[in-house]
file data24.cif (mmCIF, C-alpha atoms and all ligand atoms)
data_coords
loop_
_atom_site.label_atom_id
_atom_site.label_comp_id
_atom_site.auth_asym_id
_atom_site.auth_seq_id
_atom_site.Cartn_x
_atom_site.Cartn_y
_atom_site.Cartn_z
CA MET A 1 -15.90 -9.49 9.52
CA LYS A 2 -13.87 -6.50 10.70
CA ALA A 3 -12.95 -3.83 8.16
CA GLY A 4 -9.77 -1.85 7.51
CA LEU A 5 -9.62 1.93 7.86
CA TYR A 6 -7.33 3.90 5.55
CA VAL A 7 -6.70 7.60 6.16
CA HIS A 8 -5.03 9.71 3.49
CA PHE A 9 -2.76 12.49 4.76
CA PRO A 10 -2.44 14.70 1.67
CA PHE A 11 0.72 16.68 2.44
CA CYS A 12 4.42 16.29 1.62
CA ALA A 13 7.41 18.52 2.27
CA ALA A 14 8.29 18.27 -1.45
CA LYS A 15 6.89 16.39 -4.44
CA CYS A 16 8.94 13.45 -5.74
CA PRO A 17 9.03 13.47 -9.56
CA TYR A 18 7.84 9.85 -9.93
CA CYS A 19 4.96 9.97 -7.45
CA HIS A 20 1.35 9.60 -8.58
CA PHE A 21 -0.26 9.79 -5.13
CA TYR A 22 -2.25 12.91 -4.34
CA SER A 23 -0.30 15.36 -2.18
CA VAL A 24 0.21 19.11 -1.88
CA PRO A 25 2.85 21.12 0.03
CA TRP A 26 2.28 21.09 3.78
CA SER A 27 0.82 24.22 5.36
CA ALA A 28 -0.65 24.85 8.80
CA GLY A 29 -3.91 26.08 7.25
CA GLY A 30 -4.18 23.03 4.99
CA ALA A 31 -3.50 20.69 7.90
CA ARG A 32 -6.30 22.36 9.91
CA LEU A 33 -8.70 21.97 6.98
CA TRP A 34 -7.75 18.28 6.74
CA ARG A 35 -8.22 17.61 10.48
CA GLU A 36 -11.64 19.26 10.58
CA GLY A 37 -12.75 17.52 7.38
CA LEU A 38 -11.53 14.16 8.61
CA GLU A 39 -13.58 14.40 11.80
CA ARG A 40 -16.70 15.35 9.84
CA GLU A 41 -16.16 12.57 7.33
CA ALA A 42 -15.57 9.99 10.09
CA ALA A 43 -18.73 11.08 11.92
CA ALA A 44 -20.83 10.66 8.77
CA ALA A 45 -19.14 7.35 7.86
CA ALA A 46 -20.18 5.85 11.21
CA ALA A 47 -23.55 5.20 9.53
CA GLU A 48 -21.86 2.42 7.51
CA GLY A 49 -21.89 0.43 10.78
CA LEU A 50 -18.38 -0.98 10.26
CA ARG A 51 -16.02 -2.22 12.96
CA PHE A 52 -12.32 -1.66 12.26
CA ASP A 53 -9.33 -3.60 13.52
CA THR A 54 -6.62 -2.02 11.34
CA LEU A 55 -5.74 1.61 10.72
CA TYR A 56 -3.34 2.63 7.97
CA LEU A 57 -2.23 6.25 7.85
CA GLY A 58 -0.83 6.79 4.36
CA GLY A 59 -0.17 9.65 2.06
CA GLY A 60 1.43 11.93 1.38
CA THR A 61 3.81 12.03 4.30
CA PRO A 62 1.92 11.37 7.55
CA SER A 63 5.28 11.25 9.36
CA LEU A 64 5.09 15.06 9.25
CA LEU A 65 2.59 14.67 12.12
CA GLU A 66 4.09 15.30 15.53
CA PRO A 67 3.16 12.66 18.12
CA GLY A 68 0.59 14.92 19.80
CA GLU A 69 -1.10 15.66 16.46
CA LEU A 70 -1.06 12.00 15.50
CA ALA A 71 -2.59 10.99 18.84
CA ALA A 72 -5.31 13.62 18.34
CA VAL A 73 -6.09 12.27 14.85
CA VAL A 74 -6.35 8.68 16.11
CA GLY A 75 -8.38 9.77 19.15
CA GLY A 76 -10.72 11.80 16.93
CA LEU A 77 -11.34 8.75 14.74
CA GLN A 78 -11.94 6.52 17.76
CA GLU A 79 -14.51 8.95 19.15
CA ARG A 80 -16.51 8.71 15.93
CA LEU A 81 -15.93 5.17 14.65
CA ASP A 82 -15.80 1.67 16.14
CA LEU A 83 -12.01 1.51 15.83
CA ASP A 84 -9.83 -0.76 17.96
CA PRO A 85 -6.71 -1.32 15.86
CA VAL A 86 -4.56 -4.39 16.42
CA GLU A 87 -2.32 -2.93 13.70
CA LEU A 88 -1.76 0.81 13.31
CA THR A 89 0.62 1.61 10.46
CA VAL A 90 2.11 5.00 9.63
CA GLU A 91 3.94 5.62 6.37
CA VAL A 92 7.22 7.35 7.00
CA ASN A 93 9.55 9.38 4.81
CA PRO A 94 12.99 8.86 6.36
CA SER A 95 14.12 12.42 5.58
CA GLY A 96 13.98 15.29 8.01
CA GLY A 97 15.47 13.54 11.05
CA ARG A 98 12.17 12.69 12.72
CA THR A 99 13.80 10.25 15.07
CA GLY A 100 12.65 12.49 17.93
CA PHE A 101 9.03 11.56 17.11
CA LEU A 102 9.50 7.81 17.40
CA GLN A 103 8.79 7.28 21.08
CA GLY A 104 5.81 9.63 20.93
CA TRP A 105 4.33 7.76 17.97
CA ARG A 106 4.62 4.52 19.92
CA ASP A 107 2.89 6.13 22.89
CA ALA A 108 0.15 7.28 20.47
CA GLY A 109 -0.55 3.64 19.61
CA VAL A 110 1.43 3.23 16.38
CA THR A 111 2.44 -0.43 16.07
CA ARG A 112 4.05 -0.50 12.65
CA LEU A 113 6.16 1.85 10.53
CA SER A 114 6.22 1.57 6.76
CA VAL A 115 9.38 3.40 5.75
CA GLY A 116 9.73 4.59 2.14
CA VAL A 117 13.46 3.98 1.99
CA GLN A 118 13.46 3.17 -1.78
CA SER A 119 17.22 2.48 -1.76
CA PHE A 120 20.31 2.64 0.42
CA ASP A 121 22.39 3.70 -2.59
CA ASP A 122 23.02 7.45 -2.82
CA GLY A 123 23.18 7.40 -6.63
CA VAL A 124 19.73 5.78 -6.89
CA LEU A 125 18.25 8.17 -4.29
CA LYS A 126 19.62 11.14 -6.25
CA THR A 127 18.16 9.84 -9.53
CA LEU A 128 14.78 9.43 -7.81
CA GLY A 129 14.95 13.00 -6.50
CA ARG A 130 14.68 11.87 -2.87
CA ASP A 131 15.81 14.53 -0.41
CA TYR A 132 17.89 12.37 1.95
CA ALA A 133 21.09 10.36 1.84
CA ALA A 134 21.30 6.62 2.45
CA ALA A 135 23.06 7.20 5.79
CA GLU A 136 20.14 9.33 7.02
CA ALA A 137 17.60 6.64 6.08
CA LEU A 138 19.71 4.03 7.81
CA ARG A 139 20.01 6.17 10.95
CA PHE A 140 16.23 6.58 11.03
CA CYS A 141 15.59 2.84 10.68
CA ARG A 142 18.09 1.99 13.42
CA ALA A 143 16.50 4.56 15.71
CA ALA A 144 13.07 3.04 14.98
CA ARG A 145 14.39 -0.35 16.07
CA GLU A 146 15.92 1.15 19.21
CA ALA A 147 12.61 2.86 20.00
CA GLY A 148 11.03 -0.61 20.07
CA PHE A 149 9.30 -0.73 16.69
CA ASP A 150 9.67 -4.42 15.98
CA ALA A 151 7.17 -4.16 13.12
CA LEU A 152 9.36 -2.35 10.63
CA ALA A 153 8.35 -2.46 6.96
CA LEU A 154 10.69 -1.09 4.30
CA ASP A 155 9.80 -0.09 0.72
CA LEU A 156 12.32 -0.53 -2.09
CA MET A 157 12.22 0.66 -5.68
CA ILE A 158 13.65 -1.44 -8.50
CA GLY A 159 14.14 -0.48 -12.14
CA VAL A 160 15.59 2.99 -11.55
CA PRO A 161 17.67 4.41 -14.44
CA GLY A 162 21.34 3.58 -13.99
CA GLU A 163 20.63 0.92 -11.33
CA THR A 164 23.40 -1.69 -11.23
CA PRO A 165 23.64 -5.05 -9.46
CA LEU A 166 26.19 -3.34 -7.17
CA ALA A 167 23.66 -0.63 -6.25
CA VAL A 168 21.14 -3.37 -5.40
CA GLU A 169 23.76 -5.12 -3.24
CA ARG A 170 24.51 -1.80 -1.54
CA THR A 171 20.84 -1.62 -0.61
CA LEU A 172 20.31 -5.23 0.38
CA ALA A 173 23.28 -5.50 2.76
CA PRO A 174 22.19 -2.74 5.21
CA LEU A 175 18.54 -3.67 4.72
CA LEU A 176 19.13 -7.23 5.88
CA GLU A 177 21.25 -5.97 8.76
CA LEU A 178 18.22 -3.99 9.96
CA ASP A 179 16.34 -7.29 10.16
CA PRO A 180 12.98 -5.91 8.95
CA ASP A 181 9.96 -8.18 9.16
CA HIS A 182 8.34 -6.82 6.01
CA VAL A 183 9.75 -5.55 2.72
CA SER A 184 7.89 -4.29 -0.36
CA VAL A 185 9.76 -4.24 -3.66
CA TYR A 186 8.15 -2.17 -6.39
CA PHE A 187 9.08 -1.59 -9.99
CA LEU A 188 9.24 2.06 -10.99
CA GLU A 189 6.20 2.34 -13.25
CA SER A 190 2.94 4.20 -14.04
CA LEU A 191 4.82 7.39 -14.84
CA GLU A 192 2.70 8.81 -17.63
CA GLY A 193 2.27 12.55 -17.22
CA LEU A 194 4.75 12.77 -14.31
CA PRO A 195 8.01 14.76 -14.42
CA PHE A 196 10.05 11.56 -14.08
CA ALA A 197 8.76 10.31 -17.45
CA GLU A 198 11.27 12.72 -19.05
CA VAL A 199 14.15 11.19 -17.09
CA LEU A 200 13.10 7.76 -18.32
CA GLU A 201 13.03 9.01 -21.89
CA ARG A 202 16.60 10.24 -21.58
CA ARG A 203 17.79 7.25 -19.55
CA PRO A 204 15.61 4.25 -20.42
CA VAL A 205 15.67 1.31 -18.05
CA ASP A 206 16.99 -2.05 -19.19
CA GLU A 207 13.91 -4.12 -18.32
CA ASP A 208 15.73 -7.46 -18.31
CA ALA A 209 18.30 -6.06 -15.88
CA ALA A 210 15.47 -4.72 -13.68
CA VAL A 211 13.83 -8.16 -13.61
CA ASP A 212 17.20 -9.71 -12.66
CA ASN A 213 17.60 -7.14 -9.88
CA PHE A 214 14.11 -7.92 -8.60
CA ALA A 215 14.95 -11.63 -8.59
CA ARG A 216 18.21 -10.86 -6.75
CA ALA A 217 16.29 -8.95 -4.07
CA ALA A 218 13.57 -11.62 -3.83
CA GLY A 219 16.18 -14.38 -3.45
CA ALA A 220 18.07 -12.52 -0.72
CA LEU A 221 14.86 -11.79 1.18
CA ALA A 222 13.67 -15.40 1.00
CA GLU A 223 17.06 -16.58 2.22
CA ALA A 224 16.82 -14.15 5.14
CA GLY A 225 13.48 -15.64 6.19
CA LEU A 226 11.14 -13.22 4.40
CA PRO A 227 9.33 -15.27 1.75
CA ARG A 228 7.18 -13.58 -0.84
CA TYR A 229 3.50 -13.56 0.11
CA GLU A 230 2.20 -11.15 -2.54
CA ILE A 231 3.50 -10.07 -5.95
CA SER A 232 5.52 -7.18 -4.45
CA ASN A 233 5.58 -8.08 -0.75
CA PHE A 234 7.83 -10.22 1.45
CA ALA A 235 7.43 -10.92 5.16
CA ARG A 236 8.34 -13.15 8.04
CA ARG A 237 5.58 -15.67 8.77
CA GLY A 238 2.84 -13.95 10.74
CA LYS A 239 4.20 -10.47 9.96
CA GLU A 240 2.27 -9.88 6.75
CA CYS A 241 0.51 -6.50 6.65
CA ARG A 242 -2.93 -7.25 8.10
CA HIS A 243 -4.40 -4.09 6.62
CA ASN A 244 -3.21 -4.74 3.07
CA LEU A 245 -4.30 -8.39 3.32
CA LYS A 246 -7.84 -7.05 3.58
CA TYR A 247 -7.51 -5.45 0.12
CA TRP A 248 -6.17 -8.62 -1.45
CA ARG A 249 -8.66 -10.88 0.33
CA TYR A 250 -11.48 -8.60 -0.77
CA GLU A 251 -12.59 -7.71 2.72
CA PRO A 252 -14.30 -4.36 3.40
CA PHE A 253 -12.29 -1.20 3.82
CA LEU A 254 -13.16 2.44 4.28
CA GLY A 255 -10.94 5.26 3.05
CA LEU A 256 -11.11 8.74 4.56
CA GLY A 257 -9.41 11.88 3.27
CA PRO A 258 -8.80 13.34 -0.20
CA SER A 259 -8.45 10.71 -2.97
CA ALA A 260 -9.06 7.76 -0.61
CA SER A 261 -10.95 4.75 -1.95
CA SER A 262 -13.47 2.50 -0.20
CA HIS A 263 -15.10 -0.84 -0.81
CA VAL A 264 -18.04 -1.79 1.36
CA GLY A 265 -20.40 -4.62 0.40
CA ARG A 266 -21.30 -4.18 -3.25
CA ARG A 267 -20.28 -0.50 -3.34
CA ARG A 268 -16.96 1.03 -4.30
CA TRP A 269 -16.12 4.73 -4.36
CA THR A 270 -13.21 7.18 -4.46
CA ASN A 271 -13.11 10.56 -2.76
CA ARG A 272 -12.48 13.75 -4.68
CA PRO A 273 -8.73 14.37 -4.67
CA ALA A 274 -8.38 18.17 -4.37
CA ILE A 275 -8.30 18.98 -0.66
CA GLU A 276 -10.52 22.08 -0.98
CA GLU A 277 -13.21 20.17 -2.91
CA TRP A 278 -13.02 17.25 -0.51
CA ALA A 279 -13.27 19.58 2.53
CA GLU A 280 -16.24 21.41 0.99
CA GLY A 281 -17.98 18.09 0.25
CA VAL A 282 -17.61 16.77 3.79
CA ARG A 283 -18.59 20.16 5.25
CA THR A 284 -21.84 20.32 3.30
CA GLN A 285 -22.74 16.63 2.82
CA GLY A 286 -20.57 14.62 5.23
CA SER A 287 -18.72 12.99 2.33
CA ALA A 288 -16.96 13.91 -0.90
CA ARG A 289 -17.37 10.83 -3.06
CA ALA A 290 -16.46 11.44 -6.69
CA ASP A 291 -18.30 8.33 -7.79
CA THR A 292 -20.08 5.39 -6.21
CA VAL A 293 -20.26 2.23 -8.26
CA GLU A 294 -22.71 -0.55 -7.49
CA LEU A 295 -20.86 -3.74 -8.42
CA ASP A 296 -22.69 -6.56 -10.20
CA ASP A 297 -21.95 -10.24 -9.52
CA ARG A 298 -19.51 -10.60 -12.40
CA THR A 299 -17.48 -7.53 -11.39
CA LEU A 300 -17.39 -8.64 -7.75
CA ALA A 301 -16.20 -12.09 -8.81
CA ARG A 302 -13.55 -10.70 -11.17
CA GLU A 303 -12.17 -8.22 -8.64
CA ALA A 304 -12.05 -10.83 -5.88
CA LEU A 305 -10.18 -13.22 -8.21
CA VAL A 306 -7.78 -10.59 -9.53
CA PHE A 307 -6.89 -9.24 -6.07
CA GLY A 308 -6.73 -12.67 -4.45
CA LEU A 309 -4.49 -14.16 -7.12
CA ARG A 310 -1.88 -11.52 -6.27
CA LEU A 311 -1.33 -13.50 -3.08
CA VAL A 312 0.97 -16.52 -3.13
CA GLU A 313 -1.72 -18.38 -1.14
CA GLY A 314 -4.15 -17.77 -4.02
CA VAL A 315 -7.92 -17.94 -3.64
CA ASP A 316 -10.41 -20.38 -2.26
CA ARG A 317 -13.84 -20.81 -3.87
CA ALA A 318 -15.85 -20.84 -0.63
CA SER A 319 -14.12 -17.73 0.76
CA LEU A 320 -14.78 -15.82 -2.45
CA LEU A 321 -18.41 -16.88 -2.34
CA GLU A 322 -18.71 -15.80 1.28
CA ARG A 323 -17.13 -12.37 0.61
CA THR A 324 -18.90 -11.53 -2.64
CA GLY A 325 -22.06 -13.64 -2.76
CA ALA A 326 -20.96 -14.65 -6.27
CA ASP A 327 -19.45 -17.96 -7.40
CA ALA A 328 -16.30 -16.66 -9.10
CA PHE A 329 -15.17 -20.16 -10.10
CA ALA A 330 -18.44 -20.73 -11.98
CA LEU A 331 -18.66 -17.24 -13.52
CA TYR A 332 -15.07 -17.47 -14.79
CA ALA A 333 -14.96 -21.23 -15.43
CA GLY A 334 -13.79 -20.77 -19.06
CA GLU A 335 -10.93 -18.39 -18.22
CA ILE A 336 -9.81 -20.55 -15.28
CA GLU A 337 -9.77 -23.66 -17.46
CA GLU A 338 -7.75 -21.94 -20.20
CA LEU A 339 -5.23 -20.38 -17.83
CA THR A 340 -4.65 -23.62 -15.92
CA ALA A 341 -4.29 -25.55 -19.21
CA GLU A 342 -1.60 -23.03 -20.25
CA GLY A 343 0.19 -23.46 -16.92
CA LEU A 344 -0.39 -19.80 -16.00
CA LEU A 345 -2.55 -20.72 -13.01
CA ALA A 346 -2.53 -23.85 -10.85
CA ARG A 347 -5.62 -25.50 -9.39
CA ALA A 348 -6.24 -28.17 -6.79
CA GLY A 349 -9.94 -28.73 -6.16
CA ASP A 350 -11.46 -25.43 -5.07
CA ARG A 351 -8.13 -23.64 -4.59
CA LEU A 352 -6.52 -21.58 -7.33
CA TRP A 353 -3.15 -19.83 -7.33
CA MET A 354 -0.47 -18.40 -9.58
CA PRO A 355 2.71 -20.50 -9.84
CA PRO A 356 5.60 -18.56 -8.25
CA ASP A 357 7.53 -18.33 -11.55
CA LYS A 358 4.53 -16.60 -13.16
CA LEU A 359 4.14 -13.81 -10.58
CA LEU A 360 6.34 -11.47 -12.63
CA VAL A 361 3.95 -11.69 -15.58
CA SER A 362 0.88 -11.41 -13.36
CA ASN A 363 -0.50 -8.34 -15.16
CA ALA A 364 -0.82 -10.26 -18.42
CA ILE A 365 -2.41 -13.22 -16.63
CA LEU A 366 -4.88 -11.21 -14.55
CA SER A 367 -5.94 -9.12 -17.54
CA ARG A 368 -7.46 -12.30 -19.01
CA PHE A 369 -10.31 -11.96 -16.46
CA LEU A 370 -12.49 -9.44 -18.29
S1 LIG A 401 7.17 11.68 -0.15
FE1 LIG A 401 6.01 9.87 -0.83
S2 LIG A 401 3.90 10.58 -1.13
FE2 LIG A 401 5.22 12.43 -1.01
S3 LIG A 401 5.67 12.92 -3.13
FE3 LIG A 401 7.36 11.63 -2.38
S4 LIG A 401 6.75 9.51 -2.91
FE4 LIG A 401 4.91 10.81 -3.09
#
call {"tool": "encode", "arguments": {"input": "data24.cif", "output": "structure tokens", "more": "lines below"}}
Ligand code: SF4
result
Amino acid sequence: MKAGLYVHFPFCAAKCPYCHFYSVPWSAGGARLWREGLEREAAAAAAEGLRFDTLYLGGGTPSLLEPGELAAVVGGLQERLDLDPVELTVEVNPSGGRTGFLQGWRDAGVTRLSVGVQSFDDGVLKTLGRDYAAAEALRFCRAAREAGFDALALDLMIGVPGETPLAVERTLAPLLELDPDHVSVYFLESLEGLPFAEVLERRPVDEDAAVDNFARAAGALAEAGLPRYEISNFARRGKECRHNLKYWRYEPFLGLGPSASSHVGRRRWTNRPAIEEWAEGVRTQGSARADTVELDDRTLAREALVFGLRLVEGVDRASLLERTGADAFALYAGEIEELTAEGLLARAGDRLWMPPDKLLVSNAILSRFL
């Protein structure tokens, strides 16, 4: 089974107040440290013996990389790892007018852009502290289409203070006009300890209205031919994100760079987040793993169930057994029986899934697998 390769680019031009991903301000010295560390880490990780068919360059803001730099990063990885990506995604921040990079990124092998649009409503963008206007994001997406990126994935944020149904409409109309083949719709959440938590305290979100807005977006996307395939993700048939499917299907993935996580066989680990500590770790030991956990059968089974049930397709007993070596349906027979009796999961033979109308309360359902 081929694995997925995730590379964390830990720099942003500015920090968004709601963001919990690890990033620091971009600097030429920092970028050099990252490049050198990445090559060392990739060389050492070759010992895992994995073959990769997807590469996901996330962050941070990897769209700060000029085409030549991006090509050098990909080439450096290919020299050290068995990497032949059928899908190469780069996360893009639409600010900064990087339309001039588009053709070069394509030439460097990028097949898919994941654009963190968040909204096409200027009021929502301002509340989120994003540093671009809706028109700029729209211009970037159109230019990406013109440059031949037919795999265009857009991220939207729902549940922003002051969000109205009209603001959601103002986002959906241009979004559908762009004809993306993949859209992720996230609720604004997990804000503890972040500057945006203060904004939420002053301007609390009406959760019922946010759920209605999510349903409005989901309905419009389904009608436009992008059915939901995961709790937060919508795509045309065959255009689902192959890399992210590996996470949900519990297939192996390797993460390189500060704060990146990996799951290989029975082991799971996360890299140290601070770039200096990560760079020092890979310089002296070839890796900078903060922790490595050896997963027992029950944990493997639970994680495979919990990730797999995020997918509309659900999980299949034999596939889980093949991927984990553990019989999740037997280990969690009691929980599965209870949840299906309560109508929170559905089961047909050896297939288990979450009914579509329960996806919005998935956290409560999945937390029952302890
Ligand atoms: S640009 Fe993206 S990764 Fe960087 S701070 Fe903003 S949300 Fe986080």
call {"tool": "residues_around", "arguments": {"input": "data24.cif", "residues": "A:Glu48", "least_positions_apart": "5", "cutoff": "10 Å", "atoms": "only C-alpha atoms", "output": "list in words"}}
result
Leu81, Leu254 and Val264 of chain A
call {"tool": "residues_near_ligand", "arguments": {"input": "data24.cif", "ligand": "ligand LIG 401 (chain A)", "cutoff": "9 Å", "atoms": "all atoms listed in the file", "output": "PyMOL selection string"}}
result
chain A and resi 10-24+58-62+91-93+116+129-130
call {"tool": "closest_residue", "arguments": {"input": "data24.cif", "among": "A:Ala235, A:Ile275, A:Leu33, A:Cys241", "to": "A:Ser259", "atoms": "all atoms listed in the file"}}
result
A:Ile275
call {"tool": "atom_distance", "arguments": {"input": "data24.cif", "atom1": "atom CA of A:Leu191", "atom2": "atom CA of A:Glu303"}}
result
23.9 Å
call {"tool": "closest_residue", "arguments": {"input": "data24.cif", "among": "A:Asp206, A:Glu342, A:Glu322, A:Glu198", "to": "A:Leu300", "atoms": "all atoms listed in the file"}}
result
A:Glu322
call {"tool": "closest_residue", "arguments": {"input": "data24.cif", "among": "A:Ala108, A:Ala144, A:Ala318, A:Val306", "to": "A:Asn363", "atoms": "all atoms listed in the file"}}
result
A:Val306
call {"tool": "closest_residue", "arguments": {"input": "data24.cif", "among": "A:Thr111, A:Ser184, A:Ser232, A:Ser63", "to": "A:Val312", "atoms": "all atoms listed in the file"}}
result
A:Ser232
call {"tool": "closest_residue", "arguments": {"input": "data24.cif", "among": "A:Ala137, A:Glu207, A:Pro252, A:Glu177", "to": "A:Asp53", "atoms": "only C-alpha atoms"}}
result
A:Pro252
call {"tool": "axis_aligned_box", "arguments": {"input": "data24.cif", "around": "stretch 87-96 of chain A", "padding_each_side": "3 Å", "output": "lines of an AutoDock Vina configuration file"}}
result
center_x = 5.9
center_y = 6.2
center_z = 9.3
size_x = 22.4
size_y = 24.2
size_z = 14.9
call {"tool": "closest_residue", "arguments": {"input": "data24.cif", "among": "A:Thr340, A:Thr89, A:Asn271, A:Thr54", "to": "A:Leu152", "atoms": "only C-alpha atoms"}}
result
A:Thr89
call {"tool": "atom_distance", "arguments": {"input": "data24.cif", "atom1": "atom CA of A:Ala288", "atom2": "atom CA of A:Val110"}}
result
27.4 Å
call {"tool": "closest_atom_pairs", "arguments": {"input": "data24.cif", "of": "stretch 114-189 of chain A", "to": "stretch 227-231 of chain A", "cutoff": "12 Å", "atoms": "all atoms listed in the file", "output": "tab-separated table"}}
result
residue	atom	partner	partner_atom	distance
A:Asp181	CA	A:Pro227	CA	10.3
A:His182	CA	A:Pro227	CA	9.5
A:Val183	CA	A:Arg228	CA	9.2
A:Ser184	CA	A:Ile231	CA	9.2
A:Val185	CA	A:Ile231	CA	8.9
A:Tyr186	CA	A:Ile231	CA	9.2
A:Phe187	CA	A:Ile231	CA	10.9
call {"tool": "atom_distance", "arguments": {"input": "data24.cif", "atom1": "atom CA of A:Ala135", "atom2": "atom CA of A:Val115"}}
result
14.2 Å
call {"tool": "residues_around", "arguments": {"input": "data24.cif", "residues": "A:Pro67", "least_positions_apart": "3", "cutoff": "7 Å", "atoms": "all atoms listed in the file", "output": "PyMOL selection string"}}
result
chain A and resi 70-71+101+104-105+108
call {"tool": "residues_around", "arguments": {"input": "data24.cif", "residues": "A:Ala28", "least_positions_apart": "6", "cutoff": "12 Å", "atoms": "only C-alpha atoms", "output": "PyMOL selection string"}}
result
chain A and resi 11+34-35+64-65+69
